[in-house]
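Novice: Contents of input_31.cif (mmCIF, N, CA and C atoms and all ligand atoms):
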```
data_structure
#
loop_
_atom_site.label_atom_id
_atom_site.label_comp_id
_atom_site.auth_asym_id
_atom_site.auth_seq_id
_atom_site.Cartn_x
_atom_site.Cartn_y
_atom_site.Cartn_z
N MET A 1 178.14 149.34 34.55
CA MET A 1 178.14 150.80 34.57
C MET A 1 177.28 151.34 33.42
N LYS A 2 176.50 152.35 33.71
CA LYS A 2 175.67 152.94 32.66
C LYS A 2 176.55 153.56 31.58
N GLU A 3 176.06 153.51 30.33
CA GLU A 3 176.85 154.00 29.20
C GLU A 3 177.35 155.44 29.41
N GLN A 4 176.43 156.32 29.82
CA GLN A 4 176.81 157.73 30.00
C GLN A 4 177.89 157.89 31.08
N THR A 5 177.74 157.13 32.13
CA THR A 5 178.70 157.20 33.24
C THR A 5 180.07 156.75 32.76
N LEU A 6 180.07 155.65 32.03
CA LEU A 6 181.32 155.11 31.50
C LEU A 6 181.97 156.09 30.52
N PHE A 7 181.13 156.67 29.69
CA PHE A 7 181.60 157.66 28.72
C PHE A 7 182.28 158.84 29.43
N LYS A 8 181.63 159.35 30.45
CA LYS A 8 182.20 160.48 31.20
C LYS A 8 183.50 160.10 31.87
N LYS A 9 183.54 158.87 32.37
CA LYS A 9 184.74 158.39 33.05
C LYS A 9 185.92 158.31 32.07
N ILE A 10 185.66 157.79 30.87
CA ILE A 10 186.73 157.68 29.86
C ILE A 10 187.28 159.07 29.55
N LEU A 11 186.39 160.04 29.36
CA LEU A 11 186.83 161.42 29.09
C LEU A 11 187.64 161.97 30.26
N ARG A 12 187.09 161.83 31.44
CA ARG A 12 187.73 162.38 32.64
C ARG A 12 189.12 161.78 32.85
N ASP A 13 189.19 160.45 32.72
CA ASP A 13 190.47 159.75 32.92
C ASP A 13 191.55 160.24 31.95
N SER A 14 191.13 160.76 30.79
CA SER A 14 192.11 161.27 29.84
C SER A 14 192.25 162.77 29.90
N GLY A 15 191.59 163.38 30.88
CA GLY A 15 191.75 164.82 31.09
C GLY A 15 190.82 165.68 30.26
N TYR A 16 189.72 165.07 29.76
CA TYR A 16 188.77 165.85 28.97
C TYR A 16 187.48 166.05 29.75
N SER A 17 186.87 167.20 29.59
CA SER A 17 185.59 167.43 30.26
C SER A 17 184.45 167.00 29.34
N THR A 18 183.32 166.75 29.94
CA THR A 18 182.14 166.37 29.16
C THR A 18 181.38 167.62 28.77
N THR A 19 181.60 168.07 27.55
CA THR A 19 180.88 169.26 27.09
C THR A 19 179.54 168.84 26.51
N LYS A 20 178.68 169.83 26.30
CA LYS A 20 177.37 169.57 25.69
C LYS A 20 177.53 168.92 24.32
N ALA A 21 178.45 169.46 23.53
CA ALA A 21 178.65 168.96 22.18
C ALA A 21 179.13 167.51 22.20
N ARG A 22 180.06 167.21 23.09
CA ARG A 22 180.58 165.84 23.19
C ARG A 22 179.49 164.87 23.60
N SER A 23 178.66 165.28 24.57
CA SER A 23 177.55 164.42 25.01
C SER A 23 176.55 164.18 23.89
N LEU A 24 176.29 165.24 23.15
CA LEU A 24 175.30 165.14 22.09
C LEU A 24 175.72 164.11 21.04
N ILE A 25 176.97 164.18 20.61
CA ILE A 25 177.46 163.23 19.62
C ILE A 25 177.43 161.81 20.19
N PHE A 26 177.81 161.67 21.43
CA PHE A 26 177.79 160.35 22.06
C PHE A 26 176.36 159.80 22.08
N ASP A 27 175.41 160.64 22.49
CA ASP A 27 174.01 160.20 22.55
C ASP A 27 173.47 159.81 21.18
N LEU A 28 173.89 160.53 20.16
CA LEU A 28 173.46 160.20 18.80
C LEU A 28 173.96 158.82 18.39
N LEU A 29 175.21 158.55 18.74
CA LEU A 29 175.78 157.24 18.38
C LEU A 29 175.14 156.14 19.21
N LEU A 30 174.89 156.43 20.46
CA LEU A 30 174.30 155.45 21.36
C LEU A 30 172.86 155.13 20.96
N GLY A 31 172.15 156.14 20.50
CA GLY A 31 170.74 155.97 20.17
C GLY A 31 170.49 155.38 18.80
N SER A 32 171.56 155.09 18.08
CA SER A 32 171.39 154.61 16.72
C SER A 32 171.73 153.13 16.61
N ASP A 33 170.86 152.39 15.95
CA ASP A 33 171.12 150.96 15.77
C ASP A 33 172.19 150.73 14.71
N ASP A 34 172.27 151.67 13.79
CA ASP A 34 173.22 151.51 12.69
C ASP A 34 174.36 152.50 12.83
N PRO A 35 175.52 152.15 12.32
CA PRO A 35 176.64 153.09 12.31
C PRO A 35 176.25 154.35 11.53
N ARG A 36 176.79 155.48 11.91
CA ARG A 36 176.46 156.74 11.28
C ARG A 36 177.57 157.23 10.38
N THR A 37 177.19 157.91 9.30
CA THR A 37 178.20 158.57 8.48
C THR A 37 178.48 159.94 9.12
N MET A 38 179.61 160.53 8.76
CA MET A 38 179.93 161.87 9.25
C MET A 38 178.84 162.84 8.80
N HIS A 39 178.39 162.65 7.58
CA HIS A 39 177.35 163.50 7.03
C HIS A 39 176.10 163.46 7.91
N GLN A 40 175.70 162.27 8.33
CA GLN A 40 174.52 162.14 9.19
C GLN A 40 174.72 162.84 10.53
N LEU A 41 175.92 162.70 11.08
CA LEU A 41 176.21 163.34 12.37
C LEU A 41 176.18 164.86 12.24
N ILE A 42 176.73 165.35 11.15
CA ILE A 42 176.76 166.80 10.92
C ILE A 42 175.34 167.33 10.73
N GLU A 43 174.55 166.57 9.98
CA GLU A 43 173.16 166.97 9.73
C GLU A 43 172.34 166.98 11.03
N ALA A 44 172.54 165.94 11.83
CA ALA A 44 171.75 165.79 13.06
C ALA A 44 172.09 166.85 14.11
N THR A 45 173.26 167.44 13.99
CA THR A 45 173.69 168.41 15.01
C THR A 45 173.72 169.84 14.46
N GLU A 46 173.19 170.01 13.26
CA GLU A 46 173.23 171.31 12.59
C GLU A 46 172.62 172.40 13.48
N GLY A 47 173.31 173.54 13.53
CA GLY A 47 172.82 174.65 14.36
C GLY A 47 173.27 174.54 15.81
N ARG A 48 173.71 173.35 16.21
CA ARG A 48 174.15 173.16 17.59
C ARG A 48 175.66 172.95 17.67
N ILE A 49 176.20 172.20 16.72
CA ILE A 49 177.64 171.99 16.68
C ILE A 49 178.11 172.27 15.26
N ASP A 50 179.18 173.03 15.12
CA ASP A 50 179.67 173.28 13.76
C ASP A 50 180.43 172.07 13.25
N ARG A 51 180.49 172.01 11.94
CA ARG A 51 181.05 170.89 11.21
C ARG A 51 182.47 170.49 11.69
N VAL A 52 183.31 171.49 11.84
CA VAL A 52 184.70 171.23 12.24
C VAL A 52 184.73 170.56 13.61
N SER A 53 183.88 171.03 14.51
CA SER A 53 183.84 170.44 15.86
C SER A 53 183.35 169.00 15.82
N VAL A 54 182.41 168.70 14.94
CA VAL A 54 181.92 167.32 14.83
C VAL A 54 183.08 166.40 14.45
N TYR A 55 183.86 166.83 13.46
CA TYR A 55 185.02 166.04 13.05
C TYR A 55 186.02 165.89 14.21
N ARG A 56 186.23 166.99 14.92
CA ARG A 56 187.19 166.98 16.01
C ARG A 56 186.75 166.04 17.14
N ILE A 57 185.47 166.07 17.43
CA ILE A 57 184.94 165.23 18.51
C ILE A 57 185.04 163.75 18.12
N VAL A 58 184.67 163.44 16.89
CA VAL A 58 184.74 162.04 16.44
C VAL A 58 186.19 161.55 16.47
N GLU A 59 187.09 162.42 16.06
CA GLU A 59 188.52 162.10 16.08
C GLU A 59 188.97 161.80 17.52
N LEU A 60 188.50 162.61 18.44
CA LEU A 60 188.83 162.39 19.85
C LEU A 60 188.27 161.04 20.32
N TYR A 61 187.05 160.74 19.92
CA TYR A 61 186.42 159.47 20.33
C TYR A 61 187.17 158.26 19.80
N GLU A 62 187.71 158.40 18.60
CA GLU A 62 188.51 157.31 18.04
C GLU A 62 189.79 157.14 18.85
N LYS A 63 190.40 158.26 19.19
CA LYS A 63 191.64 158.24 19.94
C LYS A 63 191.44 157.62 21.33
N LEU A 64 190.32 157.95 21.96
CA LEU A 64 190.06 157.47 23.31
C LEU A 64 189.39 156.10 23.34
N GLY A 65 189.08 155.57 22.15
CA GLY A 65 188.43 154.26 22.09
C GLY A 65 186.96 154.29 22.45
N VAL A 66 186.36 155.45 22.34
CA VAL A 66 184.91 155.57 22.58
C VAL A 66 184.15 155.10 21.34
N ALA A 67 184.67 155.50 20.19
CA ALA A 67 184.03 155.14 18.93
C ALA A 67 185.07 154.54 17.98
N GLN A 68 184.57 153.89 16.96
CA GLN A 68 185.47 153.34 15.97
C GLN A 68 184.93 153.56 14.57
N ARG A 69 185.84 153.49 13.65
CA ARG A 69 185.55 153.71 12.26
C ARG A 69 185.28 152.37 11.59
N ILE A 70 184.27 152.30 10.78
CA ILE A 70 184.07 151.11 9.96
C ILE A 70 184.37 151.53 8.54
N ASN A 71 185.40 150.95 7.98
CA ASN A 71 185.80 151.34 6.63
C ASN A 71 184.96 150.61 5.60
N ILE A 72 184.40 151.40 4.70
CA ILE A 72 183.59 150.83 3.63
C ILE A 72 184.17 151.39 2.35
N GLY A 73 185.03 150.62 1.71
CA GLY A 73 185.76 151.14 0.56
C GLY A 73 186.57 152.35 0.99
N TRP A 74 186.41 153.49 0.32
CA TRP A 74 187.17 154.69 0.69
C TRP A 74 186.37 155.55 1.65
N LYS A 75 185.13 155.12 1.95
CA LYS A 75 184.32 155.87 2.90
C LYS A 75 184.35 155.19 4.26
N TYR A 76 183.76 155.81 5.24
CA TYR A 76 183.66 155.16 6.53
C TYR A 76 182.43 155.61 7.30
N LYS A 77 182.05 154.78 8.25
CA LYS A 77 180.97 155.13 9.17
C LYS A 77 181.51 155.03 10.58
N ILE A 78 180.78 155.64 11.49
CA ILE A 78 181.23 155.69 12.88
C ILE A 78 180.23 154.96 13.77
N GLU A 79 180.73 154.17 14.68
CA GLU A 79 179.85 153.59 15.70
C GLU A 79 180.61 153.54 17.01
N LEU A 80 179.89 153.30 18.08
CA LEU A 80 180.55 153.20 19.38
C LEU A 80 181.42 151.95 19.40
N SER A 81 182.44 151.96 20.22
CA SER A 81 183.36 150.84 20.27
C SER A 81 182.77 149.67 21.07
N ASP A 82 183.51 148.58 21.11
CA ASP A 82 183.06 147.37 21.83
C ASP A 82 182.87 147.61 23.32
N VAL A 83 183.42 148.71 23.82
CA VAL A 83 183.24 149.05 25.24
C VAL A 83 181.75 149.29 25.51
N PHE A 84 181.06 149.82 24.51
CA PHE A 84 179.65 150.17 24.68
C PHE A 84 178.70 149.20 23.99
N LEU A 85 179.16 148.62 22.89
CA LEU A 85 178.31 147.68 22.17
C LEU A 85 178.89 146.29 22.32
N ASP A 86 178.06 145.28 22.20
CA ASP A 86 178.60 143.93 22.21
C ASP A 86 179.47 143.75 20.98
N HIS A 87 180.52 142.97 21.15
CA HIS A 87 181.43 142.73 20.05
C HIS A 87 180.70 142.15 18.85
N HIS A 88 180.97 142.68 17.68
CA HIS A 88 180.31 142.18 16.48
C HIS A 88 181.13 142.57 15.25
N HIS A 89 180.73 142.05 14.13
CA HIS A 89 181.37 142.39 12.86
C HIS A 89 180.33 142.99 11.92
N HIS A 90 180.78 143.38 10.75
CA HIS A 90 179.86 144.05 9.84
C HIS A 90 179.84 143.44 8.45
N MET A 91 178.65 143.45 7.86
CA MET A 91 178.52 143.16 6.44
C MET A 91 177.94 144.41 5.80
N THR A 92 178.59 144.88 4.77
CA THR A 92 178.15 146.10 4.09
C THR A 92 177.68 145.78 2.69
N CYS A 93 176.55 146.35 2.32
CA CYS A 93 176.05 146.15 0.96
C CYS A 93 176.75 147.11 0.01
N LEU A 94 177.35 146.57 -1.03
CA LEU A 94 178.09 147.38 -1.99
C LEU A 94 177.17 148.25 -2.83
N ASP A 95 175.89 147.91 -2.82
CA ASP A 95 174.94 148.65 -3.63
C ASP A 95 174.30 149.79 -2.84
N CYS A 96 173.57 149.47 -1.78
CA CYS A 96 172.83 150.51 -1.06
C CYS A 96 173.58 151.04 0.16
N GLY A 97 174.69 150.42 0.52
CA GLY A 97 175.49 150.93 1.63
C GLY A 97 174.99 150.50 3.00
N ARG A 98 173.95 149.67 3.03
CA ARG A 98 173.42 149.19 4.30
C ARG A 98 174.49 148.41 5.06
N VAL A 99 174.60 148.68 6.36
CA VAL A 99 175.57 147.97 7.19
C VAL A 99 174.81 147.09 8.17
N VAL A 100 175.07 145.80 8.13
CA VAL A 100 174.40 144.88 9.03
C VAL A 100 175.40 144.41 10.08
N ALA A 101 175.01 144.52 11.34
CA ALA A 101 175.87 144.03 12.42
C ALA A 101 175.71 142.52 12.52
N VAL A 102 176.83 141.82 12.51
CA VAL A 102 176.80 140.37 12.59
C VAL A 102 177.22 139.96 13.98
N LYS A 103 176.36 139.24 14.64
CA LYS A 103 176.64 138.88 16.01
C LYS A 103 177.89 138.00 16.14
N ASP A 104 178.47 138.11 17.28
CA ASP A 104 179.66 137.38 17.62
C ASP A 104 179.54 135.88 17.28
N GLU A 105 180.54 135.37 16.63
CA GLU A 105 180.57 133.95 16.27
C GLU A 105 181.71 133.29 17.06
N PRO A 106 181.39 132.49 18.10
CA PRO A 106 182.42 131.95 19.00
C PRO A 106 183.57 131.25 18.28
N MET A 107 183.25 130.44 17.27
CA MET A 107 184.30 129.71 16.55
C MET A 107 185.29 130.67 15.90
N PHE A 108 184.75 131.73 15.34
CA PHE A 108 185.60 132.71 14.68
C PHE A 108 186.48 133.43 15.70
N GLU A 109 185.89 133.78 16.83
CA GLU A 109 186.64 134.49 17.86
C GLU A 109 187.78 133.62 18.39
N GLU A 110 187.51 132.32 18.53
CA GLU A 110 188.55 131.39 18.98
C GLU A 110 189.69 131.33 17.97
N MET A 111 189.31 131.32 16.70
CA MET A 111 190.31 131.25 15.64
C MET A 111 191.22 132.47 15.69
N ILE A 112 190.63 133.64 15.90
CA ILE A 112 191.40 134.88 16.01
C ILE A 112 192.40 134.78 17.19
N GLU A 113 191.88 134.28 18.32
CA GLU A 113 192.72 134.07 19.51
C GLU A 113 193.93 133.21 19.16
N ARG A 114 193.65 132.09 18.49
CA ARG A 114 194.71 131.16 18.12
C ARG A 114 195.72 131.80 17.18
N LEU A 115 195.21 132.58 16.24
CA LEU A 115 196.10 133.29 15.32
C LEU A 115 197.02 134.23 16.07
N GLY A 116 196.45 134.90 17.07
CA GLY A 116 197.24 135.79 17.90
C GLY A 116 198.35 135.04 18.60
N GLN A 117 197.97 133.93 19.25
CA GLN A 117 198.95 133.12 19.98
C GLN A 117 200.05 132.61 19.04
N ALA A 118 199.63 132.14 17.89
CA ALA A 118 200.60 131.58 16.93
C ALA A 118 201.61 132.63 16.49
N ASN A 119 201.21 133.90 16.55
CA ASN A 119 202.12 134.97 16.16
C ASN A 119 202.66 135.73 17.37
N ARG A 120 202.48 135.10 18.53
CA ARG A 120 202.94 135.67 19.80
C ARG A 120 202.42 137.08 20.03
N PHE A 121 201.13 137.21 19.80
CA PHE A 121 200.46 138.49 20.05
C PHE A 121 199.39 138.30 21.12
N VAL A 122 199.31 139.26 22.01
CA VAL A 122 198.14 139.33 22.86
C VAL A 122 197.21 140.32 22.19
N LEU A 123 196.18 139.81 21.55
CA LEU A 123 195.31 140.69 20.77
C LEU A 123 194.34 141.45 21.68
N LYS A 124 194.21 142.71 21.40
CA LYS A 124 193.29 143.55 22.18
C LYS A 124 192.00 143.84 21.41
N SER A 125 192.10 143.84 20.13
CA SER A 125 190.90 144.09 19.32
C SER A 125 191.12 143.62 17.90
N HIS A 126 190.05 143.48 17.19
CA HIS A 126 190.12 143.19 15.76
C HIS A 126 188.85 143.66 15.10
N GLN A 127 188.91 143.85 13.83
CA GLN A 127 187.72 144.20 13.07
C GLN A 127 187.62 143.27 11.88
N LEU A 128 186.43 142.97 11.49
CA LEU A 128 186.24 142.19 10.29
C LEU A 128 185.13 142.84 9.48
N GLU A 129 185.46 143.26 8.29
CA GLU A 129 184.46 143.89 7.43
C GLU A 129 184.21 142.97 6.25
N MET A 130 182.95 142.69 6.01
CA MET A 130 182.58 141.84 4.88
C MET A 130 181.72 142.66 3.93
N GLN A 131 181.95 142.49 2.65
CA GLN A 131 181.19 143.25 1.66
C GLN A 131 180.48 142.32 0.69
N GLY A 132 179.32 142.74 0.27
CA GLY A 132 178.57 141.94 -0.71
C GLY A 132 177.28 142.66 -1.07
N TYR A 133 176.27 141.90 -1.50
CA TYR A 133 175.00 142.51 -1.87
C TYR A 133 173.89 141.97 -0.97
N CYS A 134 173.13 142.88 -0.37
CA CYS A 134 172.09 142.46 0.56
C CYS A 134 170.89 141.87 -0.20
N ASP A 135 169.99 141.25 0.54
CA ASP A 135 168.84 140.58 -0.09
C ASP A 135 167.97 141.55 -0.88
N ARG A 136 167.77 142.77 -0.32
CA ARG A 136 166.95 143.77 -1.01
C ARG A 136 167.53 144.10 -2.37
N CYS A 137 168.84 144.35 -2.37
CA CYS A 137 169.48 144.76 -3.63
C CYS A 137 169.54 143.61 -4.62
N ARG A 138 169.68 142.41 -4.12
CA ARG A 138 169.72 141.27 -5.02
C ARG A 138 168.35 141.06 -5.67
N SER A 139 167.29 141.23 -4.89
CA SER A 139 165.96 141.04 -5.49
C SER A 139 165.59 142.17 -6.42
N ASN A 140 166.09 143.39 -6.14
CA ASN A 140 165.87 144.50 -7.07
C ASN A 140 166.53 144.24 -8.41
N ALA A 141 167.76 143.72 -8.33
CA ALA A 141 168.54 143.48 -9.53
C ALA A 141 167.91 142.39 -10.39
N ALA A 142 167.21 141.47 -9.74
CA ALA A 142 166.63 140.33 -10.44
C ALA A 142 165.38 140.73 -11.24
N GLN A 143 164.79 141.89 -10.87
CA GLN A 143 163.53 142.28 -11.51
C GLN A 143 163.74 142.85 -12.92
ZN ZN A 201 171.68 146.71 -0.40
ZN ZN A 202 185.32 139.38 16.48
#
```
As structure tokens, what does this structure read like?
Ligand SMILES: [Zn+2]
Ligand SMILES: [Zn+2]
Specialist:
Amino acid sequence: MKEQTLFKKILRDSGYSTTKARSLIFDLLLGSDDPRTMHQLIEATEGRIDRVSVYRIVELYEKLGVAQRINIGWKYKIELSDVFLDHHHHMTCLDCGRVVAVKDEPMFEEMIERLGQANRFVLKSHQLEMQGYCDRCRSNAAQ
């Protein structure tokens, strides 16, 4: 199913209509390779969607599982959920804030499965956030 179609279906199934503002935020997230900060979303929609609505829409997306929050210390970024993107994890640079998507690692996914079983859980999702210093920041620091 095409991303937009699926997005509309998720909204409709929960009793929400697809407004212009909702579509716009979705398209921004879909068109971005990197997770977005709230600030970036607000900036990108300035004059079209007011700040409060941006927060409200993102909150709705989290509730409906359209988007998810990536916690980076006390801050966070927003990206589309695994429904739209291939499952992956993140490494965040503690210096420049760059977020790198780490492709699915089968061994790790199996381990998570096993952990779920061992605790009698049927796991539906998980997140793994890793923090450190990226190559750019490490080479800057070395100079
Ligand atoms: Zn960095
Ligand atoms: Zn995983």
Novice: Write out as a Markdown table the residues of chain A that have any atom within 8 Å of an atom of ligand ZN 201 (chain A), one row each with the nearest atom pair and its distance in Å to one decimal, counting only N, CA and C atoms and all ligand atoms, sorted by chain and then rising number.
Specialist:
```
| residue | atom | partner | partner_atom | distance |
| --- | --- | --- | --- | --- |
| A:Thr92 | C | A:ZN201 | ZN | 6.8 |
| A:Cys93 | CA | A:ZN201 | ZN | 4.6 |
| A:Leu94 | N | A:ZN201 | ZN | 5.7 |
| A:Asp95 | C | A:ZN201 | ZN | 4.7 |
| A:Cys96 | N | A:ZN201 | ZN | 3.6 |
| A:Gly97 | N | A:ZN201 | ZN | 4.9 |
| A:Arg98 | N | A:ZN201 | ZN | 5.1 |
| A:Val99 | N | A:ZN201 | ZN | 7.6 |
| A:Gly132 | C | A:ZN201 | ZN | 6.9 |
| A:Tyr133 | C | A:ZN201 | ZN | 5.3 |
| A:Cys134 | N | A:ZN201 | ZN | 4.1 |
| A:Asp135 | N | A:ZN201 | ZN | 5.8 |
| A:Arg136 | C | A:ZN201 | ZN | 5.3 |
| A:Cys137 | N | A:ZN201 | ZN | 4.2 |
| A:Arg138 | N | A:ZN201 | ZN | 6.0 |
```
Novice: Determine, using all atoms listed in the file, which residues of chain A have any atom at most 8 Å from an atom of ligand ZN 202 (chain A), and tabulate each with its shortest atom pair and distance in Å to one decimal place, rows ordered by chain and then rising number, as a tab-separated table.
Specialist:
```
residue	atom	partner	partner_atom	distance
A:His87	C	A:ZN202	ZN	5.9
A:His88	C	A:ZN202	ZN	5.4
A:His89	N	A:ZN202	ZN	5.8
A:Lys103	C	A:ZN202	ZN	7.6
A:Asp104	CA	A:ZN202	ZN	6.1
A:Glu105	N	A:ZN202	ZN	6.2
A:Phe108	C	A:ZN202	ZN	6.1
A:Glu109	CA	A:ZN202	ZN	5.2
A:Glu110	N	A:ZN202	ZN	7.7
A:Ile112	CA	A:ZN202	ZN	7.6
A:Ser125	C	A:ZN202	ZN	7.3
A:His126	C	A:ZN202	ZN	5.7
A:Gln127	N	A:ZN202	ZN	6.3
A:Leu128	N	A:ZN202	ZN	6.2
```
Novice: Running DSSP on the backbone, which parts of chain A land in strand (DSSP E or B), as a PyMOL selection string?
Specialist: chain A and resi 36+67-72+75-80+88-93+99-103+129-132
Novice: To one decimal place in Å, what is the distance between CA of Asn71 (chain A) and CA of Val58 (chain A)?
Specialist: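 CA of Val58 (chain A) lies 14.6 Å from CA of Asn71 (chain A).
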Novice: Enter the distance from atom C of Ala101 (chain A) to atom C of Lys20 (chain A), in Å, rounded to one decimal.
Specialist: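 Atom C of Ala101 (chain A) sits 29.0 Å away from atom C of Lys20 (chain A).
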Novice: By how many Å are CA of Asp33 (chain A) and CA of Leu85 (chain A) apart?
Specialist: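 We find that CA of Asp33 (chain A) and CA of Leu85 (chain A) lie 10.2 Å from each other.
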Novice: Which neighbours of Ala67 (chain A) fall inside 6 Å, counting all atoms listed in the file, when residues of the same chain fewer than 6 positions from it are skipped, and could you give them as a PyMOL selection string?
Specialist: chain A and resi 61+79-81
Novice: Which one of A:Ile25, A:Ile57, A:Met107, A:Met1 sits closest to Thr45 (chain A) if you count all atoms listed in the file?
Specialist: A:Ile25
